[in-house]
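Below: entry16.cif (mmCIF, C-alpha atoms)
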```cif
data_coords
loop_
_atom_site.label_atom_id
_atom_site.label_comp_id
_atom_site.auth_asym_id
_atom_site.auth_seq_id
_atom_site.Cartn_x
_atom_site.Cartn_y
_atom_site.Cartn_z
CA MET Y 1 108.81 65.14 113.16
CA SER Y 2 108.02 66.66 109.79
CA ALA Y 3 110.01 69.24 107.90
CA GLY Y 4 108.44 72.62 107.96
CA PRO Y 5 106.36 74.41 105.36
CA ASP Y 6 107.05 78.08 104.76
CA VAL Y 7 103.97 79.14 106.75
CA VAL Y 8 101.38 77.56 109.01
CA VAL Y 9 98.12 79.51 109.13
CA VAL Y 10 96.11 78.81 112.28
CA GLY Y 11 92.37 79.34 111.79
CA GLY Y 12 90.29 78.75 108.68
CA GLY Y 13 87.86 81.67 108.72
CA PRO Y 14 88.03 84.58 106.24
CA ALA Y 15 91.31 85.98 107.63
CA GLY Y 16 93.10 82.64 107.70
CA ALA Y 17 91.76 81.50 104.34
CA ALA Y 18 92.74 84.82 102.75
CA ALA Y 19 96.25 84.61 104.21
CA ALA Y 20 96.64 81.01 102.99
CA TYR Y 21 95.24 81.88 99.56
CA TRP Y 22 97.54 84.83 98.95
CA LEU Y 23 100.62 83.07 100.34
CA ALA Y 24 99.96 80.05 98.13
CA ASP Y 25 99.34 82.41 95.21
CA ALA Y 26 102.82 83.83 95.85
CA GLY Y 27 104.28 80.33 95.58
CA ARG Y 28 104.70 79.65 99.29
CA GLU Y 29 104.23 76.23 100.88
CA VAL Y 30 101.32 76.76 103.26
CA VAL Y 31 99.44 74.58 105.74
CA LEU Y 32 96.04 75.96 106.81
CA VAL Y 33 94.78 74.43 110.07
CA GLU Y 34 91.15 74.73 111.21
CA ARG Y 35 90.06 73.28 114.54
CA LYS Y 36 86.50 72.47 113.38
CA ARG Y 37 85.35 70.61 110.31
CA TYR Y 38 83.76 72.47 107.42
CA PRO Y 39 81.01 73.48 107.17
CA ARG Y 40 80.84 75.07 110.63
CA ALA Y 41 78.66 77.89 111.94
CA LYS Y 42 79.86 81.25 113.27
CA THR Y 43 78.12 84.09 115.10
CA CYS Y 44 77.69 86.48 112.20
CA GLY Y 45 75.12 88.56 110.36
CA ASP Y 46 76.28 86.95 107.08
CA GLY Y 47 76.28 90.38 105.41
CA LEU Y 48 78.98 91.28 102.89
CA THR Y 49 79.74 94.94 102.30
CA PRO Y 50 81.05 96.12 98.91
CA ARG Y 51 84.58 96.00 100.36
CA ALA Y 52 84.12 92.36 101.35
CA VAL Y 53 82.68 91.61 97.91
CA ARG Y 54 85.72 93.14 96.22
CA GLU Y 55 88.16 91.14 98.35
CA LEU Y 56 86.23 87.94 97.62
CA GLN Y 57 86.12 88.70 93.89
CA ASP Y 58 89.91 89.11 93.96
CA MET Y 59 90.08 85.57 95.41
CA GLY Y 60 87.91 84.16 92.65
CA VAL Y 61 84.46 84.18 94.25
CA THR Y 62 81.97 84.78 91.41
CA PHE Y 63 78.69 85.15 93.39
CA GLY Y 64 77.03 83.22 90.61
CA ASP Y 65 75.39 80.48 92.68
CA ALA Y 66 72.06 80.73 94.45
CA ALA Y 67 73.64 80.70 97.93
CA ALA Y 68 74.62 84.38 97.66
CA HIS Y 69 71.81 86.95 97.77
CA ARG Y 70 72.74 90.34 96.33
CA VAL Y 71 71.59 93.47 98.15
CA ALA Y 72 71.39 97.06 96.90
CA GLY Y 73 72.00 98.88 100.15
CA LEU Y 74 70.78 99.51 103.67
CA ARG Y 75 67.42 100.34 105.18
CA PHE Y 76 67.67 102.21 108.48
CA ALA Y 77 64.88 102.31 111.04
CA ALA Y 78 64.36 104.38 114.18
CA GLY Y 79 60.93 103.94 115.70
CA SER Y 80 58.35 104.20 112.92
CA ARG Y 81 60.67 106.11 110.57
CA ARG Y 82 62.59 104.27 107.83
CA GLN Y 83 64.99 105.39 105.15
CA GLU Y 84 66.72 103.39 102.41
CA VAL Y 85 70.16 104.24 101.06
CA THR Y 86 71.89 102.42 98.24
CA TRP Y 87 75.56 101.61 98.65
CA PRO Y 88 77.56 104.83 98.16
CA THR Y 89 79.59 105.00 94.96
CA HIS Y 90 83.30 104.36 95.40
CA PRO Y 91 86.00 104.17 92.71
CA ASP Y 92 87.47 100.92 94.07
CA LEU Y 93 84.37 99.03 95.17
CA PRO Y 94 81.36 97.43 93.46
CA PRO Y 95 77.95 99.11 93.88
CA TRP Y 96 76.38 96.09 95.59
CA GLY Y 97 76.72 93.87 98.62
CA ALA Y 98 75.52 90.37 99.42
CA VAL Y 99 74.32 87.99 102.11
CA LEU Y 100 75.99 84.57 102.29
CA ARG Y 101 75.93 82.10 105.16
CA ARG Y 102 79.26 81.72 106.88
CA THR Y 103 78.89 77.95 106.64
CA ASP Y 104 79.01 78.36 102.85
CA LEU Y 105 81.47 81.25 102.70
CA ASP Y 106 84.20 79.79 104.92
CA ALA Y 107 84.10 76.38 103.25
CA GLN Y 108 84.31 78.03 99.83
CA LEU Y 109 87.29 80.16 100.84
CA ALA Y 110 89.13 77.13 102.23
CA SER Y 111 88.51 75.34 98.92
CA LEU Y 112 89.88 78.33 96.99
CA ALA Y 113 93.01 78.32 99.15
CA ALA Y 114 93.40 74.58 98.53
CA ALA Y 115 92.98 75.11 94.79
CA ARG Y 116 95.85 77.62 94.95
CA GLY Y 117 98.04 74.97 96.57
CA ALA Y 118 97.51 75.35 100.32
CA ASP Y 119 97.36 72.16 102.40
CA VAL Y 120 94.02 72.57 104.23
CA ARG Y 121 93.55 70.46 107.35
CA ASP Y 122 90.20 70.90 109.07
CA GLY Y 123 89.00 69.12 112.19
CA THR Y 124 92.52 69.49 113.59
CA ALA Y 125 93.80 71.52 116.53
CA ALA Y 126 97.08 73.41 116.41
CA GLU Y 127 99.35 73.92 119.43
CA PRO Y 128 102.48 76.09 119.49
CA ARG Y 129 105.88 75.03 120.73
CA LEU Y 130 107.64 78.13 122.00
CA ALA Y 131 111.10 79.39 122.87
CA ASN Y 132 111.68 83.02 123.84
CA GLY Y 133 108.44 84.11 122.19
CA ARG Y 134 109.30 82.37 118.96
CA VAL Y 135 107.20 79.54 117.52
CA THR Y 136 109.70 76.69 117.09
CA ALA Y 137 107.06 74.17 115.98
CA VAL Y 138 103.33 73.74 115.57
CA ALA Y 139 101.75 70.49 116.72
CA VAL Y 140 99.08 69.55 114.17
CA GLY Y 141 97.42 66.27 115.02
CA ASP Y 142 100.18 63.64 115.26
CA GLU Y 143 102.71 65.85 113.48
CA GLU Y 144 105.00 68.63 114.55
CA LEU Y 145 105.55 71.09 111.75
CA ARG Y 146 108.44 73.53 111.79
CA PRO Y 147 107.29 76.50 109.72
CA ARG Y 148 109.45 79.51 109.11
CA LEU Y 149 106.49 81.77 109.95
CA VAL Y 150 103.03 81.46 111.51
CA VAL Y 151 99.90 83.51 110.78
CA VAL Y 152 97.44 83.44 113.69
CA ALA Y 153 93.82 83.89 112.59
CA ASP Y 154 91.85 81.71 114.99
CA GLY Y 155 89.10 84.16 115.89
CA SER Y 156 88.19 86.42 118.79
CA LEU Y 157 89.01 83.90 121.52
CA SER Y 158 92.36 83.09 119.81
CA ARG Y 159 93.53 80.17 121.91
CA PHE Y 160 96.71 79.93 119.87
CA GLY Y 161 97.30 83.68 120.08
CA ARG Y 162 96.92 83.72 123.86
CA ARG Y 163 99.74 81.19 124.09
CA LEU Y 164 101.92 83.75 122.27
CA GLY Y 165 100.95 86.55 124.67
CA VAL Y 166 98.29 88.17 122.50
CA ALA Y 167 95.72 89.85 124.77
CA ARG Y 168 92.72 92.15 124.42
CA ASP Y 169 93.08 95.78 125.49
CA ARG Y 170 89.99 96.24 127.67
CA ALA Y 171 89.95 99.97 126.95
CA ARG Y 172 89.26 99.24 123.28
CA PRO Y 173 85.74 98.70 121.88
CA LEU Y 174 83.98 95.42 122.54
CA GLY Y 175 80.81 94.13 120.93
CA MET Y 176 78.46 91.43 122.14
CA ALA Y 177 76.08 89.95 119.58
CA ALA Y 178 73.51 87.21 119.13
CA ARG Y 179 71.75 86.00 116.00
CA GLY Y 180 69.29 83.39 114.76
CA TYR Y 181 67.63 82.35 111.52
CA TYR Y 182 63.89 82.77 110.94
CA ARG Y 183 61.68 81.85 108.03
CA SER Y 184 60.28 84.97 106.36
CA ASP Y 185 58.11 85.80 103.36
CA ARG Y 186 60.40 88.79 102.71
CA SER Y 187 63.57 86.74 102.31
CA SER Y 188 64.18 88.20 98.84
CA ASP Y 189 64.24 91.82 100.07
CA ARG Y 190 67.08 93.79 98.44
CA PHE Y 191 68.07 95.82 101.50
CA LEU Y 192 69.81 94.98 104.74
CA GLU Y 193 67.61 96.41 107.49
CA VAL Y 194 69.19 98.00 110.56
CA ASP Y 195 67.23 99.31 113.55
CA LEU Y 196 69.23 102.00 115.31
CA ARG Y 197 67.41 101.77 118.64
CA ALA Y 198 68.64 98.71 120.46
CA THR Y 199 67.33 98.59 124.03
CA ASP Y 200 68.26 96.61 127.11
CA ALA Y 201 65.87 94.76 129.43
CA ALA Y 202 65.03 98.02 131.21
CA GLY Y 203 64.10 99.74 127.95
CA ARG Y 204 67.24 101.93 127.89
CA VAL Y 205 68.75 102.65 124.48
CA VAL Y 206 72.20 101.05 124.29
CA PRO Y 207 75.03 101.71 121.80
CA GLY Y 208 74.21 99.16 119.14
CA TYR Y 209 71.48 98.04 116.80
CA GLY Y 210 69.26 95.20 115.66
CA TRP Y 211 69.36 93.77 112.14
CA VAL Y 212 67.35 91.73 109.67
CA PHE Y 213 69.42 90.48 106.72
CA PRO Y 214 67.48 88.69 103.95
CA MET Y 215 69.13 85.43 102.83
CA GLY Y 216 67.19 84.97 99.57
CA ASP Y 217 66.40 81.34 100.42
CA GLY Y 218 63.19 81.79 102.41
CA SER Y 219 64.98 82.80 105.60
CA VAL Y 220 66.44 85.92 107.22
CA ASN Y 221 69.32 86.41 109.64
CA VAL Y 222 68.04 88.36 112.66
CA GLY Y 223 70.43 89.66 115.28
CA ALA Y 224 71.25 92.29 117.86
CA ILE Y 225 74.55 93.80 118.93
CA THR Y 226 75.74 96.21 121.57
CA LEU Y 227 79.03 98.07 121.10
CA THR Y 228 80.85 100.15 123.68
CA THR Y 229 84.26 101.35 124.82
CA HIS Y 230 83.23 101.10 128.46
CA GLY Y 231 81.96 98.41 130.81
CA ARG Y 232 78.51 99.85 131.34
CA TRP Y 233 76.79 97.37 129.03
CA LYS Y 234 78.88 94.29 129.84
CA GLY Y 235 75.96 92.78 131.77
CA THR Y 236 73.56 93.19 128.84
CA ASN Y 237 71.92 89.90 127.91
CA THR Y 238 72.28 89.69 124.13
CA THR Y 239 69.83 86.78 123.97
CA SER Y 240 67.18 89.03 125.53
CA LEU Y 241 68.13 91.79 123.10
CA LEU Y 242 67.68 89.35 120.21
CA ASP Y 243 64.34 88.08 121.51
CA GLY Y 244 63.00 91.59 122.02
CA PHE Y 245 64.13 92.77 118.62
CA ALA Y 246 62.80 89.68 116.83
CA ALA Y 247 59.41 90.17 118.49
CA ALA Y 248 59.31 93.78 117.27
CA ALA Y 249 60.41 92.79 113.74
CA ARG Y 250 58.01 89.83 113.43
CA PRO Y 251 54.95 91.70 112.03
CA ARG Y 252 56.94 93.55 109.33
CA TRP Y 253 59.00 90.55 108.25
CA GLY Y 254 56.49 87.75 108.82
CA LEU Y 255 58.97 85.88 111.00
CA THR Y 256 58.33 82.35 112.18
CA ALA Y 257 57.79 81.99 115.91
CA GLU Y 258 61.03 80.12 116.62
CA ALA Y 259 64.59 80.82 115.58
CA THR Y 260 67.04 78.16 114.44
CA GLY Y 261 70.81 78.22 114.74
CA ARG Y 262 70.91 80.71 117.61
CA ARG Y 263 74.45 81.75 118.51
CA GLY Y 264 76.13 84.53 120.46
CA GLY Y 265 79.67 85.82 120.66
CA MET Y 266 82.18 88.48 121.62
CA LEU Y 267 83.49 90.97 119.05
CA PRO Y 268 86.77 92.73 119.96
CA ALA Y 269 87.01 95.80 117.76
CA GLY Y 270 89.28 98.67 116.78
CA LEU Y 271 92.61 96.74 116.83
CA ALA Y 272 91.72 95.61 120.34
CA SER Y 273 94.19 92.71 120.57
CA GLY Y 274 97.95 92.59 120.38
CA PRO Y 275 100.78 92.45 119.86
CA VAL Y 276 99.99 91.68 116.23
CA ALA Y 277 103.56 90.69 115.35
CA GLY Y 278 106.24 88.63 117.07
CA PRO Y 279 109.63 87.11 116.25
CA ASN Y 280 108.19 84.82 113.57
CA TRP Y 281 104.42 85.28 113.72
CA LEU Y 282 101.64 87.67 112.71
CA VAL Y 283 98.02 88.01 113.89
CA ALA Y 284 95.09 88.85 111.60
CA GLY Y 285 91.31 89.21 111.62
CA ASP Y 286 89.25 88.82 114.78
CA ALA Y 287 92.30 87.42 116.61
CA ALA Y 288 93.81 90.92 116.24
CA GLY Y 289 90.52 92.63 117.16
CA THR Y 290 90.11 94.24 113.74
CA ILE Y 291 86.30 94.39 113.74
CA ASN Y 292 84.80 97.76 112.75
CA PRO Y 293 83.87 99.60 116.01
CA PHE Y 294 81.14 101.59 114.23
CA THR Y 295 79.21 98.56 113.02
CA GLY Y 296 80.58 95.32 114.46
CA GLU Y 297 81.27 94.09 110.90
CA GLY Y 298 84.32 91.89 110.64
CA ILE Y 299 84.38 89.91 107.40
CA SER Y 300 85.88 92.60 105.17
CA TYR Y 301 88.51 93.46 107.80
CA ALA Y 302 89.39 89.79 108.20
CA LEU Y 303 89.87 89.47 104.44
CA VAL Y 304 91.92 92.68 104.20
CA THR Y 305 94.17 91.92 107.18
CA GLY Y 306 94.64 88.30 106.08
CA ARG Y 307 95.85 89.60 102.74
CA MET Y 308 98.10 92.16 104.44
CA ALA Y 309 99.56 89.46 106.70
CA ALA Y 310 100.28 87.30 103.66
CA ARG Y 311 102.06 90.13 101.90
CA HIS Y 312 104.29 90.96 104.86
CA ALA Y 313 104.97 87.30 105.59
CA ASP Y 314 106.03 86.79 101.97
CA LEU Y 315 108.32 89.82 102.14
CA ALA Y 316 109.84 88.51 105.36
CA LEU Y 317 110.47 85.13 103.76
CA GLN Y 318 112.11 86.80 100.79
CA SER Y 319 114.42 88.92 102.92
CA ALA Y 320 115.01 86.43 105.77
CA THR Y 321 114.67 89.30 108.28
CA ASP Y 322 111.93 90.22 110.73
CA ARG Y 323 111.64 93.87 109.71
CA HIS Y 324 108.69 93.07 107.42
CA LEU Y 325 106.89 91.47 110.37
CA GLU Y 326 107.34 94.68 112.32
CA GLY Y 327 106.18 96.54 109.20
CA TYR Y 328 102.90 94.64 109.34
CA ALA Y 329 102.06 96.25 112.68
CA VAL Y 330 102.94 99.65 111.25
CA ALA Y 331 100.82 98.98 108.15
CA LEU Y 332 97.79 98.08 110.28
CA GLN Y 333 98.10 101.36 112.14
CA GLU Y 334 98.50 103.34 108.94
CA ARG Y 335 95.48 101.66 107.37
CA PHE Y 336 93.12 101.57 110.37
CA GLY Y 337 94.53 103.62 113.25
CA ALA Y 338 92.94 107.00 112.49
CA TYR Y 339 89.65 105.44 111.42
CA TYR Y 340 89.34 103.33 114.56
CA ALA Y 341 90.26 106.31 116.73
CA LEU Y 342 87.39 108.22 115.15
CA ALA Y 343 85.08 105.28 115.90
CA ARG Y 344 86.17 105.22 119.55
CA GLY Y 345 85.28 108.89 119.81
CA PHE Y 346 81.86 108.17 118.35
CA LEU Y 347 81.22 105.33 120.79
CA THR Y 348 82.28 107.50 123.71
CA GLY Y 349 79.70 110.09 122.70
CA ALA Y 350 77.07 107.44 122.00
CA ARG Y 351 77.16 106.19 125.59
CA LEU Y 352 75.92 109.55 126.87
CA PRO Y 353 72.28 109.38 128.01
CA GLY Y 354 69.86 110.09 125.16
CA ALA Y 355 72.60 110.60 122.55
CA MET Y 356 71.56 107.88 120.11
CA ARG Y 357 67.87 108.79 119.71
CA PRO Y 358 68.26 112.31 118.23
CA LEU Y 359 71.28 111.21 116.22
CA GLY Y 360 69.33 108.43 114.51
CA SER Y 361 66.28 110.61 113.94
CA ALA Y 362 68.33 113.41 112.39
CA ALA Y 363 70.07 111.02 109.98
CA LEU Y 364 66.79 109.47 108.84
CA ARG Y 365 65.34 112.91 108.06
CA SER Y 366 68.21 113.74 105.71
CA PRO Y 367 69.19 111.33 102.89
CA ARG Y 368 72.42 113.27 102.32
CA LEU Y 369 73.37 113.07 105.98
CA LEU Y 370 72.51 109.37 106.02
CA GLU Y 371 74.68 108.63 102.98
CA ALA Y 372 77.55 110.56 104.56
CA ALA Y 373 77.13 108.56 107.75
CA VAL Y 374 77.13 105.29 105.79
CA ARG Y 375 80.33 106.29 104.00
CA VAL Y 376 82.06 106.86 107.33
CA MET Y 377 80.62 103.93 109.28
CA LEU Y 378 81.28 101.39 106.50
CA ASP Y 379 84.73 102.82 105.70
CA MET Y 380 83.63 103.80 102.19
CA ARG Y 381 84.91 107.34 102.37
CA LEU Y 382 86.18 108.91 99.18
CA PRO Y 383 89.87 109.87 99.05
CA ALA Y 384 90.37 112.83 101.39
CA PRO Y 385 92.68 115.85 101.18
CA PRO Y 386 96.13 115.38 102.78
CA GLY Y 387 96.06 115.67 106.55
CA THR Y 388 92.38 114.83 106.99
CA SER Y 389 92.90 111.37 108.48
CA ARG Y 390 95.54 112.69 110.87
CA ARG Y 391 93.16 115.36 112.13
CA GLY Y 392 90.46 112.70 112.51
CA ALA Y 393 92.80 110.59 114.57
CA ARG Y 394 93.55 113.48 116.94
CA LEU Y 395 89.86 114.22 117.33
CA GLY Y 396 89.08 110.59 118.02
CA GLU Y 397 91.83 110.23 120.62
CA ARG Y 398 90.73 113.39 122.40
CA ALA Y 399 87.16 112.07 122.58
#
```
As structure tokens, how would this structure be written, given the file I've shared?
Amino acid sequence: MSAGPDVVVVGGGPAGAAAAYWLADAGREVVLVERKRYPRAKTCGDGLTPRAVRELQDMGVTFGDAAAHRVAGLRFAAGSRRQEVTWPTHPDLPPWGAVLRRTDLDAQLASLAAARGADVRDGTAAEPRLANGRVTAVAVGDEELRPRLVVVADGSLSRFGRRLGVARDRARPLGMAARGYYRSDRSSDRFLEVDLRATDAAGRVVPGYGWVFPMGDGSVNVGAITLTTHGRWKGTNTTSLLDGFAAAARPRWGLTAEATGRRGGMLPAGLASGPVAGPNWLVAGDAAGTINPFTGEGISYALVTGRMAARHADLALQSATDRHLEGYAVALQERFGAYYALARGFLTGARLPGAMRPLGSAALRSPRLLEAAVRVMLDMRLPAPPGTSRRGARLGERA
């Protein structure tokens, strides 16, 4: 049995890699455990918002290699109407986004964490040893490590988290998505394209959208997602959604007939999973259900919450008390609670028959309205007057 590191981080995606990076940067002894070997694929649109770019820059990602394709903004479509909007200006964020395959991104982040001093072990499963809700040890391959703290960041299914009692609140938003890669002669396009009118097999508009994200390497990431706070769309076949959307997008994007790398997955959103803190553990990223309920985007929230988990874990290690672990749960609510409540209210309204069609059409007719919508839906709002977020939270909860 091995002596324990300060922290074991379970899961090597953006949340886990960020937590390991920032803990190692703070001088902590960290073991990062990833069940699969890098590089490994994930269900993802591969799009990086300006917030994700900023978090990655803070970790040392330079975006200088050819794998990352910079994008200037978003192109929205609803029927035959299209409108482009560049990324809104924000004092804390860069004016550009990017597209980068998760196979490249996750491996790069793990390497950055290792360069900071984290012990990265991929291709290795982690199992908890528990006593009264506390992680007494983590079995990693043939070893049993005894960390002082554990950060759980093993994705939306969170096998490790479920062993600790972490569960999804079924009243919170849930997304279902599917994506594939197609060859395209428009792979160098500078806008992420989003079609606001996702439809099910019966032709009904569902809360969600289809996307085409140019990779810059001769291919595009094409996907479809449905998002809802209710069970009405749980039987929607996301593969059929993807096939239907790809067929519609093929003429404009010159898509190849067959997709490669097709994958689908579940996206718990809006702080859907918890508890996010226990006696000596914290939960971050998709394992905590931190995906944006407006958009289904999760990378930036994984990076942010991984960094937050690292900060609170480091404070707890400094003080040798659990109050900083409890403070992590409070900090998540302060940072995201009102915003996610607003998103739940939006999704509740979006499920009403016919609600999405006029909403999308109105936004595309007004560039100012569209930019305002982008600011809200991508969490790029400018600093608001005191009390605004609290009022937004009340409105969202009432909806």
Apply the PyMOL selection byres ((chain Y and resi 46) around 8) to the file shown and report the selected residues as a list in words.
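Checking the PyMOL selection byres ((chain Y and resi 46) around 8) against this file, the residues are Cys44, Gly45, Gly47, Leu48, Val99, Leu100, Arg101, Arg102, Phe213 and Asn221 of chain Y.
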Considering only C-alpha atoms, tabulate each residue of segment 148-223 of chain Y that lies at most 8 Å from segment 123-140 of chain Y along with its nearest interatomic pair and the corresponding distance in Å to one decimal; arrange the rows by chain and ascending residue number and present them as JSON lines.
```
{"residue": "Y:Leu149", "atom": "CA", "partner": "Y:Val135", "partner_atom": "CA", "distance": 7.9}
{"residue": "Y:Val150", "atom": "CA", "partner": "Y:Val135", "partner_atom": "CA", "distance": 7.6}
{"residue": "Y:Phe160", "atom": "CA", "partner": "Y:Glu127", "partner_atom": "CA", "distance": 6.6}
{"residue": "Y:Arg163", "atom": "CA", "partner": "Y:Pro128", "partner_atom": "CA", "distance": 7.4}
{"residue": "Y:Leu164", "atom": "CA", "partner": "Y:Gly133", "partner_atom": "CA", "distance": 6.5}
```
Go ahead and write the residues just picked, C-alpha atoms, as an mmCIF file, keeping the file's coordinate frame.
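Saved result, selection-v4.cif, follows:
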```cif
data_model
loop_
_atom_site.group_PDB
_atom_site.id
_atom_site.type_symbol
_atom_site.label_atom_id
_atom_site.label_comp_id
_atom_site.auth_asym_id
_atom_site.auth_seq_id
_atom_site.Cartn_x
_atom_site.Cartn_y
_atom_site.Cartn_z
ATOM 1 C CA LEU Y 149 106.490 81.770 109.950
ATOM 2 C CA VAL Y 150 103.030 81.460 111.510
ATOM 3 C CA PHE Y 160 96.710 79.930 119.870
ATOM 4 C CA ARG Y 163 99.740 81.190 124.090
ATOM 5 C CA LEU Y 164 101.920 83.750 122.270
#
```
Can you list every residue of segment 154-215 of chain Y that has an atom at most 7 Å from segment 284-305 of chain Y, with its nearest atom pair and the distance in Å to one decimal, using only C-alpha atoms, ordered by chain then number, as JSON lines?
```
{"residue": "Y:Asp154", "atom": "CA", "partner": "Y:Ala287", "partner_atom": "CA", "distance": 6.0}
{"residue": "Y:Gly155", "atom": "CA", "partner": "Y:Ala287", "partner_atom": "CA", "distance": 4.6}
{"residue": "Y:Ser156", "atom": "CA", "partner": "Y:Ala287", "partner_atom": "CA", "distance": 4.8}
{"residue": "Y:Leu157", "atom": "CA", "partner": "Y:Ala287", "partner_atom": "CA", "distance": 6.9}
{"residue": "Y:Ser158", "atom": "CA", "partner": "Y:Ala287", "partner_atom": "CA", "distance": 5.4}
{"residue": "Y:Pro173", "atom": "CA", "partner": "Y:Pro293", "partner_atom": "CA", "distance": 6.2}
{"residue": "Y:Gly175", "atom": "CA", "partner": "Y:Gly296", "partner_atom": "CA", "distance": 6.6}
```
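For the pair atom CA of Gly13 of chain Y and atom CA of Gly218 of chain Y, the interatomic distance is 25.5 Å.
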Which residue gives the smallest distance to Gly11 of chain Y among Y:Met215, Y:Ala41, Y:Met176, Y:Val283, with all atoms listed in the file counted?
Y:Val283
Expanded to explicit residues, what is the PyMOL selection byres ((chain Y and resi 325-333) around 10) for this file, as a short mmCIF file (atom, residue, chain, number, x, y, z; two decimals) with C-alpha atoms, keeping the file's coordinate frame?
```
data_model
loop_
_atom_site.label_atom_id
_atom_site.label_comp_id
_atom_site.auth_asym_id
_atom_site.auth_seq_id
_atom_site.Cartn_x
_atom_site.Cartn_y
_atom_site.Cartn_z
CA LEU Y 149 106.49 81.77 109.95
CA LEU Y 271 92.61 96.74 116.83
CA GLY Y 274 97.95 92.59 120.38
CA PRO Y 275 100.78 92.45 119.86
CA VAL Y 276 99.99 91.68 116.23
CA ALA Y 277 103.56 90.69 115.35
CA GLY Y 278 106.24 88.63 117.07
CA PRO Y 279 109.63 87.11 116.25
CA ASN Y 280 108.19 84.82 113.57
CA TRP Y 281 104.42 85.28 113.72
CA LEU Y 282 101.64 87.67 112.71
CA VAL Y 283 98.02 88.01 113.89
CA ALA Y 284 95.09 88.85 111.60
CA THR Y 290 90.11 94.24 113.74
CA THR Y 305 94.17 91.92 107.18
CA MET Y 308 98.10 92.16 104.44
CA ALA Y 309 99.56 89.46 106.70
CA ALA Y 310 100.28 87.30 103.66
CA ARG Y 311 102.06 90.13 101.90
CA HIS Y 312 104.29 90.96 104.86
CA ALA Y 313 104.97 87.30 105.59
CA ASP Y 314 106.03 86.79 101.97
CA LEU Y 315 108.32 89.82 102.14
CA ALA Y 316 109.84 88.51 105.36
CA LEU Y 317 110.47 85.13 103.76
CA THR Y 321 114.67 89.30 108.28
CA ASP Y 322 111.93 90.22 110.73
CA ARG Y 323 111.64 93.87 109.71
CA HIS Y 324 108.69 93.07 107.42
CA GLU Y 334 98.50 103.34 108.94
CA ARG Y 335 95.48 101.66 107.37
CA PHE Y 336 93.12 101.57 110.37
CA GLY Y 337 94.53 103.62 113.25
CA ALA Y 338 92.94 107.00 112.49
CA TYR Y 339 89.65 105.44 111.42
CA TYR Y 340 89.34 103.33 114.56
#
```
How far is it from atom CA of Arg75 of chain Y to atom CA of Leu192 of chain Y, in Å with one decimal?
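Atom-to-atom, atom CA of Arg75 of chain Y and atom CA of Leu192 of chain Y are spaced 5.9 Å apart.
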Go through Y:His90, Y:Arg197, Y:Arg148, Y:Arg262 one by one, measure the shortest atom-to-atom distance of each to Arg51 of chain Y using all atoms listed in the file, and give the residue with the smallest value.
Y:His90
Quick check, in Å to one decimal: how far apart do atom CA of Arg54 of chain Y and atom CA of Gly12 of chain Y lie?
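According to the coordinates, atom CA of Arg54 of chain Y and atom CA of Gly12 of chain Y are separated by 19.6 Å.
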Could you write out as a PyMOL selection string the residues that the PyMOL selection byres ((chain Y and resi 246-251) around 10) matches in the shown file?
chain Y and resi 179-180+182+184+195+210-212+222-224+240-245+252-259
Pick out the residues sitting within 10 Å of Ala115 of chain Y, and hand them over as a ChimeraX atom specification; count all atoms listed in the file, and ignore anything fewer than 6 positions along from it in its own chain.
/Y:21,24-25,109
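You can rank Y:Leu382, Y:Val53, Y:Val194, Y:Ala171 by their closest distance to His69 of chain Y using all atoms listed in the file, and at the top of that list sits Y:Val53.
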Of the residues Y:Arg121, Y:Arg146, Y:Arg307, Y:Arg70, which is the one nearest to Asp217 of chain Y, using all atoms listed in the file?
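Result for the nearest residue to Asp217 of chain Y: Y:Arg70.
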Please output segment 6-11 of chain Y, rebuilt to include N, CA, C and O atoms, as a compact mmCIF listing (two decimals), in the coordinates of the input.
```
# COMPACT_ATOMS: atom_id res chain seq x y z
N ASP Y 6 106.67 76.68 104.59
CA ASP Y 6 107.05 78.08 104.76
C ASP Y 6 106.21 78.72 105.87
O ASP Y 6 106.74 79.43 106.73
N VAL Y 7 104.89 78.48 105.83
CA VAL Y 7 103.97 79.14 106.75
C VAL Y 7 102.90 78.15 107.20
O VAL Y 7 102.37 77.39 106.40
N VAL Y 8 102.59 78.19 108.49
CA VAL Y 8 101.38 77.56 109.01
C VAL Y 8 100.40 78.67 109.34
O VAL Y 8 100.76 79.62 110.05
N VAL Y 9 99.19 78.58 108.81
CA VAL Y 9 98.12 79.51 109.13
C VAL Y 9 97.17 78.82 110.08
O VAL Y 9 96.64 77.75 109.77
N VAL Y 10 96.96 79.40 111.26
CA VAL Y 10 96.11 78.81 112.28
C VAL Y 10 94.75 79.50 112.25
O VAL Y 10 94.65 80.69 112.56
N GLY Y 11 93.72 78.79 111.88
CA GLY Y 11 92.37 79.34 111.79
C GLY Y 11 91.91 79.44 110.35
O GLY Y 11 92.58 80.06 109.52
```
